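Visitor: Data: model.csv, CSV, C-alpha atoms.
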```csv
chain,number,residue,atom,x,y,z
E,6,MET,CA,206.1,-189.0,135.8
E,7,ILE,CA,208.1,-187.1,138.4
E,8,THR,CA,211.9,-186.8,137.9
E,9,VAL,CA,214.2,-185.2,140.5
E,10,LEU,CA,217.2,-183.7,138.8
E,11,ARG,CA,220.2,-183.4,141.1
E,12,ILE,CA,222.8,-181.0,139.9
E,13,GLY,CA,226.3,-180.1,141.1
E,14,HIS,CA,226.9,-183.5,142.8
E,15,ARG,CA,230.6,-183.7,143.9
E,16,PRO,CA,231.2,-187.4,144.6
E,17,GLN,CA,233.6,-186.9,147.6
E,18,ARG,CA,231.7,-184.2,149.3
E,19,ASP,CA,228.1,-184.9,148.5
E,20,LYS,CA,227.7,-188.7,148.4
E,21,ARG,CA,225.6,-188.9,151.6
E,22,ILE,CA,223.5,-185.8,150.9
E,23,THR,CA,222.7,-186.9,147.4
E,24,THR,CA,221.8,-190.4,148.7
E,25,HIS,CA,219.4,-188.7,151.1
E,26,VAL,CA,218.0,-186.7,148.3
E,27,ALA,CA,217.4,-189.9,146.3
E,28,LEU,CA,215.8,-191.6,149.3
E,29,VAL,CA,213.5,-188.7,149.8
E,30,ALA,CA,212.6,-188.6,146.1
E,31,ARG,CA,211.6,-192.3,146.3
E,32,ALA,CA,209.8,-192.1,149.7
E,33,PHE,CA,207.9,-189.0,148.9
E,34,GLY,CA,206.6,-190.1,145.5
E,35,ALA,CA,209.0,-189.3,142.7
E,36,ASP,CA,209.7,-191.9,140.1
E,37,ARG,CA,213.4,-191.4,139.4
E,38,ILE,CA,216.4,-189.3,140.1
E,39,VAL,CA,218.8,-188.1,137.4
E,40,ILE,CA,222.2,-187.1,138.8
E,41,SER,CA,224.3,-184.9,136.7
E,42,GLU,CA,227.6,-186.6,137.7
E,43,ASP,CA,228.3,-190.3,137.7
E,44,ASP,CA,228.5,-192.0,141.1
E,45,GLU,CA,227.8,-195.7,141.0
E,46,ARG,CA,227.8,-196.0,144.8
E,47,ILE,CA,224.6,-194.1,144.9
E,48,ARG,CA,223.0,-196.3,142.3
E,49,ASP,CA,224.0,-199.3,144.3
E,50,THR,CA,222.7,-198.0,147.5
E,51,ILE,CA,219.3,-197.0,146.0
E,52,ALA,CA,219.0,-200.3,144.1
E,53,SER,CA,219.5,-202.1,147.4
E,54,VAL,CA,216.8,-200.0,149.0
E,55,VAL,CA,214.4,-200.7,146.1
E,56,ARG,CA,215.1,-204.5,146.4
E,57,SER,CA,214.3,-204.5,150.1
E,58,TRP,CA,211.5,-202.0,150.3
E,59,GLY,CA,209.8,-202.3,146.9
E,60,GLY,CA,208.6,-199.9,144.2
E,61,SER,CA,210.3,-199.1,140.9
E,62,PHE,CA,212.4,-196.0,141.6
E,63,SER,CA,215.4,-195.6,139.3
E,64,VAL,CA,218.7,-193.8,139.3
E,65,GLU,CA,220.2,-192.4,136.1
E,66,PHE,CA,223.3,-190.3,135.3
E,67,LYS,CA,223.1,-187.6,132.7
E,68,SER,CA,224.3,-184.0,132.4
E,69,TRP,CA,221.6,-181.5,133.4
E,70,ARG,CA,222.0,-179.7,130.1
E,71,SER,CA,221.4,-182.8,128.1
E,72,PHE,CA,218.5,-183.9,130.3
E,73,LEU,CA,216.8,-180.5,130.2
E,74,SER,CA,217.3,-179.9,126.5
E,75,THR,CA,214.9,-182.7,125.7
E,76,PHE,CA,212.6,-182.5,128.7
E,77,ASP,CA,209.1,-181.5,127.9
E,78,GLY,CA,207.1,-180.5,130.9
E,79,THR,CA,207.1,-178.3,134.0
E,80,VAL,CA,210.5,-177.6,135.6
E,81,VAL,CA,210.5,-176.6,139.2
E,82,HIS,CA,213.8,-175.4,140.7
E,83,LEU,CA,213.9,-175.4,144.5
E,84,THR,CA,216.0,-172.4,145.7
E,85,MET,CA,215.9,-170.3,148.9
E,86,TYR,CA,215.9,-167.3,146.6
E,87,GLY,CA,212.6,-168.2,144.9
E,88,VAL,CA,209.0,-167.3,145.5
E,89,PRO,CA,207.0,-169.1,148.2
E,90,PHE,CA,206.5,-172.7,147.0
E,91,GLU,CA,202.9,-172.9,148.2
E,92,GLU,CA,201.8,-170.1,146.0
E,93,ALA,CA,202.6,-172.1,142.9
E,94,MET,CA,201.6,-175.5,144.1
E,95,ASP,CA,198.1,-175.6,142.5
E,96,GLU,CA,199.5,-174.5,139.1
E,97,VAL,CA,202.3,-177.1,139.3
E,98,ARG,CA,199.9,-179.8,140.2
E,99,ASP,CA,197.4,-178.9,137.4
E,100,ALA,CA,200.1,-178.5,134.7
E,101,PRO,CA,199.8,-181.1,131.9
E,102,GLY,CA,202.8,-183.4,131.2
E,103,ASP,CA,205.8,-184.5,133.3
E,104,LEU,CA,207.3,-182.7,136.2
E,105,CYS,CA,211.0,-182.2,136.8
E,106,ILE,CA,212.2,-180.9,140.2
E,107,VAL,CA,215.7,-179.5,140.2
E,108,VAL,CA,217.7,-179.6,143.4
E,109,GLY,CA,221.2,-178.2,143.4
E,110,ALA,CA,224.3,-178.5,145.6
E,111,GLU,CA,226.0,-175.2,146.6
E,112,LYS,CA,226.3,-173.4,143.2
E,113,VAL,CA,223.5,-173.5,140.7
E,114,PRO,CA,224.3,-172.2,137.2
E,115,PRO,CA,222.2,-169.1,136.2
E,116,GLU,CA,220.8,-171.0,133.2
E,117,ILE,CA,218.8,-173.1,135.6
E,118,TYR,CA,217.0,-170.1,137.0
E,119,GLN,CA,216.2,-169.1,133.4
E,120,ARG,CA,215.2,-172.6,132.2
E,121,ALA,CA,212.9,-173.3,135.2
E,122,THR,CA,209.2,-172.8,134.8
E,123,HIS,CA,209.1,-171.9,138.5
E,124,ASN,CA,211.9,-171.0,141.0
E,125,LEU,CA,210.4,-171.9,144.3
E,126,ALA,CA,211.5,-171.3,147.9
E,127,VAL,CA,210.6,-173.7,150.7
E,128,GLY,CA,211.1,-170.8,153.2
E,129,ASN,CA,213.7,-168.1,152.6
E,130,GLN,CA,216.1,-169.4,155.3
E,131,PRO,CA,219.0,-171.7,154.6
E,132,HIS,CA,218.3,-175.4,155.3
E,133,SER,CA,218.8,-178.4,153.0
E,134,GLU,CA,217.9,-179.7,149.6
E,135,VAL,CA,216.8,-182.9,151.4
E,136,SER,CA,214.2,-181.0,153.5
E,137,ALA,CA,213.2,-178.7,150.6
E,138,LEU,CA,212.4,-181.7,148.3
E,139,ALA,CA,210.5,-183.4,151.1
E,140,LEU,CA,208.3,-180.4,151.8
E,141,PHE,CA,207.7,-179.7,148.1
E,142,LEU,CA,206.6,-183.3,147.4
E,143,ASP,CA,204.5,-183.4,150.6
E,144,ARG,CA,202.5,-180.4,149.6
E,145,TYR,CA,202.3,-181.6,146.0
E,146,PHE,CA,200.8,-185.0,147.1
E,147,LYS,CA,198.9,-183.3,150.0
E,148,GLY,CA,200.3,-185.8,152.5
E,149,ALA,CA,199.1,-188.8,150.6
E,150,GLU,CA,202.8,-189.8,150.0
E,151,PHE,CA,202.8,-191.6,153.3
E,152,SER,CA,200.2,-194.1,152.2
E,153,ARG,CA,201.8,-195.0,148.9
E,154,ARG,CA,202.3,-198.7,148.1
E,155,TYR,CA,205.7,-200.2,147.2
E,156,PRO,CA,205.0,-203.4,145.3
E,157,GLY,CA,207.6,-206.1,145.3
E,158,ALA,CA,209.1,-205.4,148.7
E,159,GLN,CA,211.0,-208.1,150.6
E,160,MET,CA,210.0,-206.6,153.9
E,161,ARG,CA,207.8,-204.0,155.4
E,162,ILE,CA,207.5,-202.3,158.8
E,163,GLU,CA,204.6,-202.9,161.2
E,164,PRO,CA,204.4,-199.5,163.0
E,165,CYS,CA,205.3,-200.0,166.6
E,166,ALA,CA,205.1,-197.8,169.8
E,167,ARG,CA,208.5,-199.2,171.2
E,168,GLY,CA,211.2,-200.9,169.2
E,169,LYS,CA,211.2,-202.4,165.7
E,170,ASN,CA,208.8,-204.8,164.0
E,171,VAL,CA,209.9,-205.7,160.5
E,172,VAL,CA,207.9,-208.3,158.6
E,173,GLY,CA,209.2,-210.4,155.8
E,174,VAL,CA,207.0,-210.4,152.7
E,175,ASN,CA,206.6,-213.5,150.7
E,176,ASN,CA,206.9,-212.3,147.1
E,177,GLY,CA,205.1,-214.9,144.9
E,178,GLY,CA,205.5,-213.0,141.6
E,179,ALA,CA,203.2,-210.1,141.3
E,180,HIS,CA,202.7,-209.7,145.1
E,181,ASP,CA,201.9,-206.3,146.5
E,182,ASP,CA,203.4,-205.7,149.9
E,183,THR,CA,200.5,-203.7,151.4
I,12,MET,CA,211.5,-174.6,174.2
I,13,ILE,CA,212.2,-177.1,171.5
I,14,THR,CA,215.5,-179.0,171.5
I,15,VAL,CA,216.7,-181.3,168.7
I,16,LEU,CA,218.9,-184.0,170.1
I,17,ARG,CA,221.2,-185.5,167.5
I,18,ILE,CA,222.7,-188.8,168.6
I,19,GLY,CA,225.3,-191.1,167.0
I,20,HIS,CA,227.1,-188.3,165.1
I,21,ARG,CA,230.3,-189.6,163.6
I,22,PRO,CA,232.4,-186.5,162.8
I,23,GLN,CA,234.1,-187.9,159.6
I,24,ARG,CA,231.0,-189.5,158.2
I,25,ASP,CA,228.1,-187.3,159.4
I,26,LYS,CA,229.4,-183.8,159.4
I,27,ARG,CA,227.3,-182.6,156.5
I,28,ILE,CA,224.2,-184.5,157.4
I,29,THR,CA,224.3,-183.3,161.0
I,30,THR,CA,224.9,-179.7,159.7
I,31,HIS,CA,221.7,-180.1,157.5
I,32,VAL,CA,219.8,-181.4,160.6
I,33,ALA,CA,220.9,-178.3,162.5
I,34,LEU,CA,219.9,-176.0,159.7
I,35,VAL,CA,216.5,-177.6,159.5
I,36,ALA,CA,216.1,-177.4,163.2
I,37,ARG,CA,216.7,-173.6,163.0
I,38,ALA,CA,214.7,-172.9,159.9
I,39,PHE,CA,211.7,-175.0,161.0
I,40,GLY,CA,211.4,-173.4,164.4
I,41,ALA,CA,213.5,-175.4,167.0
I,42,ASP,CA,215.5,-173.3,169.5
I,43,ARG,CA,218.7,-175.4,169.8
I,44,ILE,CA,220.4,-178.6,168.8
I,45,VAL,CA,222.3,-180.7,171.3
I,46,ILE,CA,224.8,-183.0,169.6
I,47,SER,CA,226.0,-186.1,171.5
I,48,GLU,CA,229.6,-185.9,170.1
I,49,ASP,CA,231.8,-182.8,169.9
I,50,ASP,CA,232.3,-181.3,166.5
I,51,GLU,CA,233.3,-177.7,166.6
I,52,ARG,CA,233.1,-177.3,162.8
I,53,ILE,CA,229.3,-177.7,163.1
I,54,ARG,CA,229.1,-175.1,165.8
I,55,ASP,CA,231.1,-172.7,163.6
I,56,THR,CA,229.0,-173.3,160.6
I,57,ILE,CA,225.8,-172.7,162.4
I,58,ALA,CA,227.1,-169.6,164.3
I,59,SER,CA,228.0,-168.1,160.9
I,60,VAL,CA,224.4,-168.8,159.6
I,61,VAL,CA,222.9,-167.2,162.7
I,62,ARG,CA,225.1,-164.2,162.4
I,63,SER,CA,224.0,-163.7,158.8
I,64,TRP,CA,220.4,-164.7,158.9
I,65,GLY,CA,219.4,-163.9,162.5
I,66,GLY,CA,217.5,-165.5,165.3
I,67,SER,CA,219.0,-167.1,168.4
I,68,PHE,CA,219.5,-170.7,167.6
I,69,SER,CA,222.3,-172.4,169.5
I,70,VAL,CA,224.5,-175.6,169.2
I,71,GLU,CA,225.6,-177.5,172.3
I,72,PHE,CA,227.5,-180.7,172.9
I,73,LYS,CA,226.4,-183.1,175.6
I,74,SER,CA,226.0,-186.9,175.8
I,75,TRP,CA,222.5,-188.0,175.1
I,76,ARG,CA,222.4,-189.9,178.3
I,77,SER,CA,223.4,-186.9,180.4
I,78,PHE,CA,221.0,-184.6,178.5
I,79,LEU,CA,218.0,-186.9,178.8
I,80,SER,CA,218.7,-187.7,182.5
I,81,THR,CA,217.8,-184.2,183.5
I,82,PHE,CA,215.3,-183.3,180.7
I,83,ASP,CA,211.8,-182.8,181.9
I,84,GLY,CA,209.2,-182.7,179.1
I,85,THR,CA,208.0,-184.6,176.1
I,86,VAL,CA,210.6,-186.7,174.2
I,87,VAL,CA,209.8,-187.5,170.6
I,88,HIS,CA,212.1,-190.0,168.9
I,89,LEU,CA,211.8,-190.0,165.1
I,90,THR,CA,212.2,-193.5,163.6
I,91,MET,CA,210.9,-195.3,160.6
I,92,TYR,CA,209.8,-198.1,162.9
I,93,GLY,CA,207.5,-195.9,165.0
I,94,VAL,CA,203.8,-195.1,164.8
I,95,PRO,CA,202.5,-192.6,162.2
I,96,PHE,CA,203.6,-189.2,163.4
I,97,GLU,CA,200.5,-187.4,162.5
I,98,GLU,CA,198.5,-189.5,165.0
I,99,ALA,CA,200.4,-188.2,167.9
I,100,MET,CA,200.8,-184.6,166.8
I,101,ASP,CA,197.9,-183.0,168.7
I,102,GLU,CA,199.0,-184.7,171.9
I,103,VAL,CA,202.6,-183.6,171.4
I,104,ARG,CA,201.6,-180.0,170.7
I,105,ASP,CA,199.3,-179.9,173.7
I,106,ALA,CA,201.7,-181.4,176.2
I,107,PRO,CA,202.9,-179.0,178.9
I,108,GLY,CA,206.7,-178.3,179.2
I,109,ASP,CA,209.6,-178.5,176.8
I,110,LEU,CA,209.9,-180.7,173.8
I,111,CYS,CA,212.9,-182.7,172.8
I,112,ILE,CA,213.1,-184.3,169.3
I,113,VAL,CA,215.6,-187.1,169.0
I,114,VAL,CA,217.1,-187.9,165.6
I,115,GLY,CA,219.6,-190.6,165.3
I,116,ALA,CA,222.3,-191.6,162.8
I,117,GLU,CA,222.3,-195.2,161.7
I,118,LYS,CA,222.2,-197.1,165.0
I,119,VAL,CA,220.0,-195.9,167.9
I,120,PRO,CA,220.4,-197.5,171.3
I,121,PRO,CA,217.4,-199.4,172.6
I,122,GLU,CA,217.3,-197.1,175.6
I,123,ILE,CA,216.1,-194.3,173.4
I,124,TYR,CA,213.0,-196.3,172.3
I,125,GLN,CA,212.2,-196.8,176.0
I,126,ARG,CA,213.0,-193.3,177.2
I,127,ALA,CA,210.9,-191.6,174.4
I,128,THR,CA,207.4,-190.5,175.2
I,129,HIS,CA,206.6,-191.2,171.5
I,130,ASN,CA,208.5,-193.2,168.9
I,131,LEU,CA,207.1,-191.6,165.7
I,132,ALA,CA,207.5,-192.5,162.0
I,133,VAL,CA,207.4,-189.9,159.2
I,134,GLY,CA,206.3,-192.7,156.8
I,135,ASN,CA,207.6,-196.2,157.1
I,136,GLN,CA,210.0,-196.0,154.2
I,137,PRO,CA,213.7,-195.2,154.5
I,138,HIS,CA,214.6,-191.6,153.8
I,139,SER,CA,216.5,-189.2,156.0
I,140,GLU,CA,216.7,-187.7,159.4
I,141,VAL,CA,216.8,-184.3,157.7
I,142,SER,CA,213.5,-184.7,156.0
I,143,ALA,CA,211.9,-186.5,159.0
I,144,LEU,CA,212.7,-183.6,161.2
I,145,ALA,CA,211.5,-181.1,158.7
I,146,LEU,CA,208.1,-182.8,158.2
I,147,PHE,CA,207.7,-183.3,162.0
I,148,LEU,CA,208.3,-179.6,162.7
I,149,ASP,CA,206.2,-178.5,159.7
I,150,ARG,CA,203.2,-180.4,161.1
I,151,TYR,CA,203.9,-179.3,164.6
I,152,PHE,CA,203.8,-175.6,163.6
I,153,LYS,CA,201.1,-176.2,161.0
I,154,GLY,CA,203.1,-174.5,158.2
I,155,ALA,CA,203.6,-171.3,160.2
I,156,GLU,CA,207.4,-172.0,160.4
I,157,PHE,CA,207.8,-170.3,157.0
I,158,SER,CA,206.6,-167.0,158.3
I,159,ARG,CA,208.9,-166.9,161.4
I,160,ARG,CA,211.0,-163.8,162.1
I,161,TYR,CA,214.7,-163.9,162.7
I,162,PRO,CA,215.7,-160.8,164.5
I,163,GLY,CA,219.2,-159.4,164.2
I,164,ALA,CA,219.8,-160.7,160.6
I,165,GLN,CA,222.5,-159.0,158.5
I,166,MET,CA,220.7,-159.8,155.4
I,167,ARG,CA,217.4,-161.2,154.1
I,168,ILE,CA,216.0,-162.6,150.9
I,169,GLU,CA,213.5,-160.8,148.8
I,170,PRO,CA,211.6,-163.6,147.0
I,171,CYS,CA,212.3,-163.5,143.3
I,172,ALA,CA,210.9,-165.3,140.3
I,173,ARG,CA,214.3,-165.5,138.5
I,174,GLY,CA,217.7,-165.1,140.1
I,175,LYS,CA,218.7,-163.9,143.6
I,176,ASN,CA,217.8,-160.8,145.5
I,177,VAL,CA,219.5,-160.5,148.8
I,178,VAL,CA,219.0,-157.3,150.8
I,179,GLY,CA,221.4,-156.1,153.5
I,180,VAL,CA,219.7,-155.2,156.8
I,181,ASN,CA,220.9,-152.2,158.8
I,182,ASN,CA,220.9,-153.5,162.3
I,183,GLY,CA,220.6,-150.5,164.7
I,184,GLY,CA,220.5,-152.5,167.9
I,185,ALA,CA,217.2,-154.2,168.5
I,186,HIS,CA,216.3,-154.2,164.8
I,187,ASP,CA,214.0,-156.8,163.5
I,188,ASP,CA,214.7,-158.0,160.0
I,189,THR,CA,211.1,-158.4,158.9
```
Just give me the structure as C-alpha cells.
Guide:
Amino acid sequence: MITVLRIGHRPQRDKRITTHVALVARAFGADRIVISEDDERIRDTIASVVRSWGGSFSVEFKSWRSFLSTFDGTVVHLTMYGVPFEEAMDEVRDAPGDLCIVVGAEKVPPEIYQRATHNLAVGNQPHSEVSALALFLDRYFKGAEFSRRYPGAQMRIEPCARGKNVVGVNNGGAHDDT
Amino acid sequence: MITVLRIGHRPQRDKRITTHVALVARAFGADRIVISEDDERIRDTIASVVRSWGGSFSVEFKSWRSFLSTFDGTVVHLTMYGVPFEEAMDEVRDAPGDLCIVVGAEKVPPEIYQRATHNLAVGNQPHSEVSALALFLDRYFKGAEFSRRYPGAQMRIEPCARGKNVVGVNNGGAHDDT
C-alpha cells in the first residue's frame, strides 16, 4: 500500500495545491492521501473525481505525528535538500512492507528529516511538491502508472488527436472500465 | 528555445498553481514562460528564484492569441483528452525550430486544440498541469534535466541524507555554480 502524507497544509493558502497533490497521488498509483489538517473541501473534490473516473483512492485526515508513530514501513520524504531520488529507487521499490511518501508545504519540521528512511530530492532546484511526487511515482512504477486500470468509472477518455472524446461507461456492478 | 504558454490564468484563483507551473518550466529545462494574463506577483517570485538559484529563465505576459499568431515552430498542447504523450515524443524532439508547450487552466478554447501541432495526454486521468508539464519535459530531456547547470546562482544545494546543506556561491562575474 502506498500512502502520500501531506503535511503543513494551510486550508486558505494551499487548497488547490493540496488538491493537485491528491490528484497526482491517485493518477500516478498511490492508494490514499493522509492530510495533516482537516479540509473537507478536498475530500469532496477527490470523492467526486473517484466517482467519475473510478478506482478506490481515499482521503483521510490525521496529524503527521500520529500517522507516523504507528506506520510500519519505508518513509520517503521528498525534499529539494535530499539525495538524488533515482539513486534510492531500487532500494525503495524492493523494501518489504508499505510505503509512505511525505510531501510538505513550505516548512517541514526537522523531525521529518530524522524519521524518514530516505530524504530524496527530485532535482536540487525549487519546483513543486506536485511535480516531485509525480516524478517519484513515475520512476517507482517505471512508467506503468499510465496504463493502470480504474474499476468502477462512470466515464473514460478515448484518446483523441483534436478535441475531446469522453465515453460513458455502463457500470453493471463489478464492471471494469478498461 | 522552449516556451511554456500558460493560458487561462485567473490571478485570484491560480496564482500559486501558475507559480508552480513556472518553477517546473525553469527546473525542467524550458527557457521562459508566457502567461496570457498579467500578474506581476508571479514575475517577482520567479525573478527572485532566478536571482538565488541561477540560470536565465524569464516570465512574459502576452495574450495567447497574439503569441501563437507569430510563433513559428512546434506547438504541443498538454491535455488529458489527447493522445499518449510518449508516442509523439521522438517526433517533437526531432522537429526543427522552437517548441511551445501550452498548459491550460480549467477551460481551454477550442482554437488551441486546432492550432496545436500535437494534443498530448500525460495519462488520461485528471491530475495537474504542474505534473503534466514536468513529465513531458522529463521525457523530452530523457532525465537529463536534473543535471542542468544554472550559471550565476547565489547559492546551491549540497545533497544531504538528513537536513539541509545550502552553500553560498561566490559569483565573480561569469562564475558557473556547478
Visitor: Taking 6 positions as the minimum chain separation for residues in the same chain, which residues sit within 12 Å of stretch 166-174 of chain I when counting all atoms listed in the file? Answer as a ChimeraX atom specification.
Guide: /E:81-90,92-93,113-131 /I:60-66,160,180-182,186-189
Visitor: I'd like the neighbourhood of stretch 45-51 of chain I as a ChimeraX atom specification, where a residue qualifies if any of its atoms comes within 6 Å (using all atoms listed in the file), though same-chain residues fewer than 3 positions away should be ignored.
Guide: /I:16-18,54,70-75
Visitor: May I have chain I as a short mmCIF file (atom, residue, chain, number, x, y, z; two decimals) with C-alpha atoms, keeping the file's coordinate frame, after a least-squares superposition on chain E that uses all C-alpha atoms paired in order?
Guide:
```
data_model
loop_
_atom_site.label_atom_id
_atom_site.label_comp_id
_atom_site.auth_asym_id
_atom_site.auth_seq_id
_atom_site.Cartn_x
_atom_site.Cartn_y
_atom_site.Cartn_z
CA MET I 12 206.14 -188.93 135.77
CA ILE I 13 208.12 -187.03 138.32
CA THR I 14 211.89 -186.73 137.93
CA VAL I 15 214.25 -185.23 140.54
CA LEU I 16 217.23 -183.70 138.85
CA ARG I 17 220.21 -183.40 141.16
CA ILE I 18 222.86 -181.03 139.83
CA GLY I 19 226.34 -180.11 141.10
CA HIS I 20 226.96 -183.45 142.86
CA ARG I 21 230.54 -183.68 143.99
CA PRO I 22 231.18 -187.40 144.64
CA GLN I 23 233.65 -186.94 147.61
CA ARG I 24 231.70 -184.20 149.29
CA ASP I 25 228.02 -184.92 148.45
CA LYS I 26 227.69 -188.64 148.40
CA ARG I 27 225.60 -188.89 151.53
CA ILE I 28 223.53 -185.82 150.91
CA THR I 29 222.73 -186.86 147.35
CA THR I 30 221.86 -190.40 148.67
CA HIS I 31 219.39 -188.72 151.18
CA VAL I 32 217.92 -186.66 148.26
CA ALA I 33 217.38 -189.89 146.33
CA LEU I 34 215.79 -191.60 149.28
CA VAL I 35 213.45 -188.71 149.79
CA ALA I 36 212.61 -188.63 146.16
CA ARG I 37 211.55 -192.32 146.39
CA ALA I 38 209.78 -192.17 149.70
CA PHE I 39 207.87 -188.96 148.87
CA GLY I 40 206.56 -190.20 145.55
CA ALA I 41 209.03 -189.23 142.70
CA ASP I 42 209.66 -191.93 140.06
CA ARG I 43 213.40 -191.39 139.37
CA ILE I 44 216.40 -189.25 140.12
CA VAL I 45 218.75 -188.11 137.38
CA ILE I 46 222.15 -187.15 138.76
CA SER I 47 224.36 -184.82 136.67
CA GLU I 48 227.65 -186.57 137.69
CA ASP I 49 228.32 -190.32 137.73
CA ASP I 50 228.48 -191.97 141.09
CA GLU I 51 227.82 -195.65 140.97
CA ARG I 52 227.87 -196.01 144.78
CA ILE I 53 224.60 -194.02 144.87
CA ARG I 54 223.02 -196.21 142.27
CA ASP I 55 224.02 -199.29 144.31
CA THR I 56 222.71 -197.92 147.49
CA ILE I 57 219.39 -197.05 146.05
CA ALA I 58 219.03 -200.36 144.10
CA SER I 59 219.55 -202.18 147.42
CA VAL I 60 216.76 -200.04 149.08
CA VAL I 61 214.40 -200.77 146.19
CA ARG I 62 215.12 -204.43 146.33
CA SER I 63 214.30 -204.49 150.03
CA TRP I 64 211.48 -202.04 150.29
CA GLY I 65 209.87 -202.25 146.83
CA GLY I 66 208.55 -199.93 144.21
CA SER I 67 210.26 -199.05 140.93
CA PHE I 68 212.34 -196.03 141.59
CA SER I 69 215.38 -195.65 139.37
CA VAL I 70 218.75 -193.71 139.36
CA GLU I 71 220.23 -192.39 136.12
CA PHE I 72 223.25 -190.30 135.25
CA LYS I 73 223.00 -187.60 132.62
CA SER I 74 224.25 -183.99 132.37
CA TRP I 75 221.66 -181.52 133.41
CA ARG I 76 222.04 -179.68 130.19
CA SER I 77 221.44 -182.77 128.07
CA PHE I 78 218.50 -183.86 130.27
CA LEU I 79 216.76 -180.49 130.23
CA SER I 80 217.34 -179.98 126.46
CA THR I 81 214.93 -182.74 125.64
CA PHE I 82 212.59 -182.54 128.71
CA ASP I 83 209.11 -181.47 127.89
CA GLY I 84 207.03 -180.51 130.95
CA THR I 85 207.08 -178.35 134.01
CA VAL I 86 210.51 -177.61 135.58
CA VAL I 87 210.51 -176.63 139.22
CA HIS I 88 213.83 -175.40 140.61
CA LEU I 89 213.96 -175.36 144.42
CA THR I 90 215.97 -172.41 145.79
CA MET I 91 215.89 -170.29 148.87
CA TYR I 92 215.86 -167.24 146.63
CA GLY I 93 212.63 -168.19 144.83
CA VAL I 94 208.99 -167.33 145.44
CA PRO I 95 207.03 -169.10 148.22
CA PHE I 96 206.43 -172.61 146.99
CA GLU I 97 202.97 -172.93 148.25
CA GLU I 98 201.82 -170.12 145.93
CA ALA I 99 202.66 -172.04 142.87
CA MET I 100 201.59 -175.48 144.01
CA ASP I 101 198.10 -175.64 142.46
CA GLU I 102 199.49 -174.50 139.13
CA VAL I 103 202.30 -177.05 139.27
CA ARG I 104 199.93 -179.89 140.16
CA ASP I 105 197.51 -178.92 137.42
CA ALA I 106 200.04 -178.54 134.65
CA PRO I 107 199.81 -181.16 131.89
CA GLY I 108 202.89 -183.41 131.22
CA ASP I 109 205.83 -184.53 133.29
CA LEU I 110 207.36 -182.74 136.19
CA CYS I 111 211.01 -182.24 136.83
CA ILE I 112 212.24 -180.97 140.25
CA VAL I 113 215.72 -179.52 140.22
CA VAL I 114 217.76 -179.52 143.42
CA GLY I 115 221.19 -178.16 143.39
CA ALA I 116 224.31 -178.47 145.57
CA GLU I 117 225.96 -175.24 146.58
CA LYS I 118 226.34 -173.41 143.27
CA VAL I 119 223.55 -173.48 140.64
CA PRO I 120 224.24 -172.12 137.18
CA PRO I 121 222.22 -169.09 136.16
CA GLU I 122 220.84 -171.06 133.24
CA ILE I 123 218.79 -173.12 135.62
CA TYR I 124 216.98 -170.01 136.99
CA GLN I 125 216.09 -169.13 133.38
CA ARG I 126 215.18 -172.61 132.19
CA ALA I 127 212.86 -173.31 135.23
CA THR I 128 209.16 -172.79 134.83
CA HIS I 129 209.13 -171.90 138.58
CA ASN I 130 211.97 -170.97 140.91
CA LEU I 131 210.36 -171.89 144.28
CA ALA I 132 211.49 -171.33 147.90
CA VAL I 133 210.58 -173.70 150.75
CA GLY I 134 211.04 -170.76 153.19
CA ASN I 135 213.68 -168.15 152.67
CA GLN I 136 216.05 -169.43 155.31
CA PRO I 137 219.00 -171.73 154.64
CA HIS I 138 218.34 -175.38 155.33
CA SER I 139 218.78 -178.31 153.00
CA GLU I 140 217.96 -179.67 149.63
CA VAL I 141 216.78 -182.83 151.39
CA SER I 142 214.16 -181.09 153.42
CA ALA I 143 213.18 -178.71 150.56
CA LEU I 144 212.43 -181.62 148.36
CA ALA I 145 210.54 -183.42 151.03
CA LEU I 146 208.27 -180.44 151.84
CA PHE I 147 207.73 -179.73 148.09
CA LEU I 148 206.61 -183.31 147.42
CA ASP I 149 204.57 -183.48 150.65
CA ARG I 150 202.54 -180.44 149.53
CA TYR I 151 202.33 -181.65 146.00
CA PHE I 152 200.76 -184.97 147.09
CA LYS I 153 198.87 -183.34 149.95
CA GLY I 154 200.23 -185.80 152.56
CA ALA I 155 199.10 -188.85 150.60
CA GLU I 156 202.79 -189.84 149.98
CA PHE I 157 202.77 -191.63 153.36
CA SER I 158 200.15 -194.07 152.27
CA ARG I 159 201.84 -195.07 148.95
CA ARG I 160 202.33 -198.75 148.11
CA TYR I 161 205.63 -200.23 147.12
CA PRO I 162 205.01 -203.42 145.30
CA GLY I 163 207.58 -206.19 145.27
CA ALA I 164 209.05 -205.36 148.76
CA GLN I 165 210.97 -208.10 150.60
CA MET I 166 210.02 -206.68 153.85
CA ARG I 167 207.79 -204.03 155.46
CA ILE I 168 207.47 -202.24 158.75
CA GLU I 169 204.68 -202.85 161.14
CA PRO I 170 204.36 -199.55 163.07
CA CYS I 171 205.33 -200.02 166.67
CA ALA I 172 205.16 -197.87 169.76
CA ARG I 173 208.49 -199.19 171.19
CA GLY I 174 211.20 -200.97 169.25
CA LYS I 175 211.22 -202.40 165.70
CA ASN I 176 208.88 -204.77 163.97
CA VAL I 177 209.93 -205.69 160.52
CA VAL I 178 207.90 -208.32 158.66
CA GLY I 179 209.26 -210.37 155.76
CA VAL I 180 207.00 -210.37 152.67
CA ASN I 181 206.59 -213.55 150.63
CA ASN I 182 206.78 -212.29 147.12
CA GLY I 183 204.97 -214.82 144.84
CA GLY I 184 205.40 -212.89 141.62
CA ALA I 185 203.11 -209.93 141.33
CA HIS I 186 202.69 -209.63 145.10
CA ASP I 187 201.87 -206.33 146.57
CA ASP I 188 203.38 -205.63 149.95
CA THR I 189 200.44 -203.75 151.41
#
```
Visitor: Could you tell me which of I:Gly84, I:Ala33, I:Ile57, I:Ala145 comes closest to I:Phe157 if we count all atoms listed in the file?
Guide: I:Ala145
Visitor: Could you please determine the separation between atom CA of I:Ile112 and atom CA of I:Arg150 in Å, to one decimal place?
Guide: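 Result for atom CA of I:Ile112 versus atom CA of I:Arg150: 13.4 Å, one decimal.
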Visitor: Report, in Å with one decimal, the straight-line distance from atom CA of E:Lys112 to atom CA of E:Asp95.
Guide: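 Atom-to-atom, atom CA of E:Lys112 and atom CA of E:Asp95 are spaced 28.3 Å apart.
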Visitor: Atom CA of I:Val177 to atom CA of I:Arg37: how many Å, to one decimal?
Guide: 19.5 Å
